[in-house]
Amino acid sequence: MLLIGGVVAAVVAGRSDEDKGTATKTVRAVIGSEKAEFFADPDVVEALAAKGYTVKAETSGSWAMEGLDLKGYDLALPSSRAPADELAAKYKVTGTLPRPFYSPLVVVAHKNAAEVLEGNGLATLDESHRGTLKMTAYLDAARADRTWQQLKGTGKYGELTGTLYLSSTDPETSNSGALYLAAASYVANGGKVVATDAEVDRTAPLLHKLVSVQGAQQSSSDAAFRDFVSGAGNPLVVVYESQVASLLTDGQQPDDLVVLYPDTTVNSDHTVVPLTEDGKAVAGLLSQDAKLRALQVRHGFRPQGEDAEFASDTTYLKQKLTGVRQAPVPTSKVLHELARRARG
């Protein structure tokens, strides 16, 4: 049966009983696309099978999950708490929802773009491949419709032309796009989470400007990141830190890649909505099993409560998120309205 409303791909994390010589329970899951590689990892498959489970996962935009019929599924794993709360209410799931791991939003930049941003007070670089994006300064530039050509130092980079903006995914269907609006609205609202109609009205025009300048948006952060790595598209793209970490773990270290941590960002709290007892059991394993937690780190995720070293290569990534303010996320209702207004 086809799921309608945002499912874009399917991954199977599991092996036949004959492969393992052990019977496993099949758990059907719908997950955010950025977790597809994790669940398809043979080591993850083996770790789950050792505990008696085979996970068959299909991917969907996190916010599109609310429109899916999840009858017959064992768990949903969107990329943040707000859509998870909506799903929990829809399917009458009670109790605290497990949040086994998280990842902050970052901006990947081509090196020349990062250097220009630093030269114009929009960013600072503390390593050749890592720095900080100054969100207030960036939003001021967005309000003023600043172009690359108006920034000093762009003359030698012919590819830096047109309006300065961050590429993001569709906020109405994709979690990373929605969380980008959450962070931007928090800064635009004077360091306060948007909660009232008046605050929505006050911040919506800027959010619309941030989105409308992009034209067509990707529905998947995975696709947007792959395009960036291949050299296509905009020189500044909003992605998850985990996607960069996973790339580095695979042995790739692009010389033209700079990771900018917004000084105000939002964590993507990957939150499990258990729909059956088997789904609840897998959620517990993701949160508590030592081998699965280590594999989460290998795929670039930060396990909740994990004090161990996150990344060994600090040329690109921060081990600890010092100097990065975590903005609260608006309620699902408010964030949906911000996304709708941003899209126009």
# chains A, B, ... in the order shown; residues from 1 in each chain; ligands from 1
>>> residues_around(residues="region 286-295 of chain A", least_positions_apart="2", cutoff="8 Å", atoms="only C-alpha atoms", output="MDAnalysis selection string")
chainID A and resid 38 43:44 47 98:101 282:284 297:299 303:304
>>> write_last_selection(atoms="all heavy atoms", output="tab-separated table (two decimals), in the first residue's frame")
chain	number	residue	atom	x	y	z
A	38	PHE	N	21.24	5.50	8.47
A	38	PHE	CA	21.44	4.86	9.78
A	38	PHE	C	20.71	3.52	9.82
A	38	PHE	O	21.30	2.49	10.17
A	38	PHE	CB	20.94	5.78	10.90
A	38	PHE	CG	20.91	5.14	12.26
A	38	PHE	CD1	22.07	4.97	12.98
A	38	PHE	CD2	19.71	4.69	12.80
A	38	PHE	CE1	22.06	4.35	14.23
A	38	PHE	CE2	19.67	4.08	14.05
A	38	PHE	CZ	20.86	3.91	14.76
A	43	ASP	N	25.52	-2.71	10.22
A	43	ASP	CA	25.82	-2.86	11.65
A	43	ASP	C	24.61	-2.53	12.51
A	43	ASP	O	24.39	-3.14	13.57
A	43	ASP	CB	27.00	-1.96	12.04
A	43	ASP	CG	28.32	-2.45	11.46
A	43	ASP	OD1	28.42	-3.66	11.15
A	43	ASP	OD2	29.24	-1.63	11.29
A	44	VAL	N	23.81	-1.55	12.07
A	44	VAL	CA	22.56	-1.24	12.79
A	44	VAL	C	21.59	-2.39	12.64
A	44	VAL	O	20.93	-2.81	13.60
A	44	VAL	CB	21.95	0.08	12.26
A	44	VAL	CG1	20.57	0.32	12.88
A	44	VAL	CG2	22.87	1.25	12.56
A	47	ALA	N	22.70	-5.12	14.95
A	47	ALA	CA	22.45	-4.80	16.36
A	47	ALA	C	20.98	-4.96	16.72
A	47	ALA	O	20.64	-5.46	17.80
A	47	ALA	CB	22.93	-3.38	16.65
A	98	PRO	N	10.11	9.09	23.65
A	98	PRO	CA	11.58	8.95	23.68
A	98	PRO	C	12.24	9.84	22.63
A	98	PRO	O	11.77	9.97	21.50
A	98	PRO	CB	11.79	7.47	23.34
A	98	PRO	CG	10.48	6.80	23.59
A	98	PRO	CD	9.44	7.83	23.30
A	99	ARG	N	13.34	10.47	23.03
A	99	ARG	CA	14.15	11.28	22.10
A	99	ARG	C	15.58	10.73	22.15
A	99	ARG	O	16.43	11.28	22.86
A	99	ARG	CB	14.09	12.75	22.49
A	99	ARG	CG	12.73	13.39	22.28
A	99	ARG	CD	12.73	14.85	22.64
A	99	ARG	NE	12.83	15.04	24.08
A	99	ARG	CZ	13.18	16.18	24.66
A	99	ARG	NH1	13.51	17.23	23.93
A	99	ARG	NH2	13.23	16.28	25.97
A	100	PRO	N	15.86	9.68	21.39
A	100	PRO	CA	17.15	9.00	21.55
A	100	PRO	C	18.36	9.80	21.11
A	100	PRO	O	19.45	9.62	21.66
A	100	PRO	CB	16.98	7.74	20.70
A	100	PRO	CG	15.88	8.05	19.75
A	100	PRO	CD	14.96	8.98	20.47
A	101	PHE	N	18.22	10.69	20.13
A	101	PHE	CA	19.38	11.45	19.65
A	101	PHE	C	18.92	12.75	19.01
A	101	PHE	O	17.73	12.94	18.75
A	101	PHE	CB	20.23	10.62	18.68
A	101	PHE	CG	19.45	9.93	17.59
A	101	PHE	CD1	19.11	10.58	16.41
A	101	PHE	CD2	19.06	8.61	17.73
A	101	PHE	CE1	18.40	9.95	15.41
A	101	PHE	CE2	18.35	7.95	16.74
A	101	PHE	CZ	18.02	8.62	15.57
A	282	VAL	N	11.58	-1.05	20.31
A	282	VAL	CA	12.66	-0.53	19.46
A	282	VAL	C	13.06	0.86	19.91
A	282	VAL	O	14.25	1.21	19.92
A	282	VAL	CB	12.23	-0.54	17.98
A	282	VAL	CG1	13.22	0.24	17.11
A	282	VAL	CG2	12.11	-1.97	17.47
A	283	ALA	N	12.10	1.68	20.32
A	283	ALA	CA	12.41	3.02	20.85
A	283	ALA	C	13.32	2.91	22.06
A	283	ALA	O	14.27	3.69	22.21
A	283	ALA	CB	11.13	3.75	21.21
A	284	GLY	N	13.05	1.93	22.93
A	284	GLY	CA	13.90	1.73	24.10
A	284	GLY	C	15.31	1.34	23.72
A	284	GLY	O	16.28	1.81	24.32
A	297	VAL	N	26.39	7.85	16.91
A	297	VAL	CA	27.52	8.79	16.83
A	297	VAL	C	28.24	8.63	15.50
A	297	VAL	O	28.62	9.61	14.85
A	297	VAL	CB	28.50	8.57	18.00
A	297	VAL	CG1	29.76	9.42	17.82
A	297	VAL	CG2	27.82	8.91	19.32
A	298	ARG	N	28.42	7.39	15.06
A	298	ARG	CA	29.10	7.15	13.79
A	298	ARG	C	28.35	7.79	12.62
A	298	ARG	O	28.96	8.21	11.64
A	298	ARG	CB	29.25	5.64	13.55
A	298	ARG	CG	30.17	5.31	12.39
A	298	ARG	CD	30.50	3.84	12.36
A	298	ARG	NE	29.47	3.05	11.70
A	298	ARG	CZ	29.51	1.73	11.61
A	298	ARG	NH1	30.49	1.05	12.18
A	298	ARG	NH2	28.54	1.08	10.99
A	299	HIS	N	27.04	7.86	12.74
A	299	HIS	CA	26.24	8.48	11.69
A	299	HIS	C	26.01	9.97	11.93
A	299	HIS	O	25.21	10.60	11.24
A	299	HIS	CB	24.91	7.75	11.55
A	299	HIS	CG	25.02	6.46	10.79
A	299	HIS	ND1	24.84	6.38	9.43
A	299	HIS	CD2	25.35	5.21	11.20
A	299	HIS	CE1	25.03	5.13	9.03
A	299	HIS	NE2	25.34	4.39	10.09
A	303	PRO	N	23.79	11.37	20.76
A	303	PRO	CA	22.85	10.67	21.65
A	303	PRO	C	22.49	11.55	22.84
A	303	PRO	O	23.33	12.27	23.38
A	303	PRO	CB	23.64	9.43	22.09
A	303	PRO	CG	24.66	9.23	21.02
A	303	PRO	CD	25.03	10.61	20.56
A	304	GLN	N	21.23	11.49	23.25
A	304	GLN	CA	20.80	12.24	24.42
A	304	GLN	C	21.56	11.75	25.64
A	304	GLN	O	21.70	10.55	25.87
A	304	GLN	CB	19.29	12.07	24.64
A	304	GLN	CG	18.43	12.68	23.56
A	304	GLN	CD	18.35	14.20	23.64
A	304	GLN	OE1	18.95	14.82	24.52
A	304	GLN	NE2	17.63	14.80	22.71
>>> select_by_dssp(residues="region 95-240 of chain A", states="strand (DSSP E or B)", output="ChimeraX atom specification")
/A:101-110,123-127,130-133,147,163,167,236-240
>>> closest_residue(among="A:Asn234, A:Ser62, A:Ser80, A:Ser168", to="Thr271 (chain A)", atoms="only C-alpha atoms")
A:Ser80
>>> residues_around(residues="Thr276 (chain A)", least_positions_apart="4", cutoff="10 Å", atoms="only C-alpha atoms", output="list in words")
Val27, Gly72, Tyr73, Asp74, Leu75, Val93, Lys280 and Ala281 of chain A
>>> atom_distance(atom1="CA of Thr124 (chain A)", atom2="CA of Ser176 (chain A)")
23.1 Å
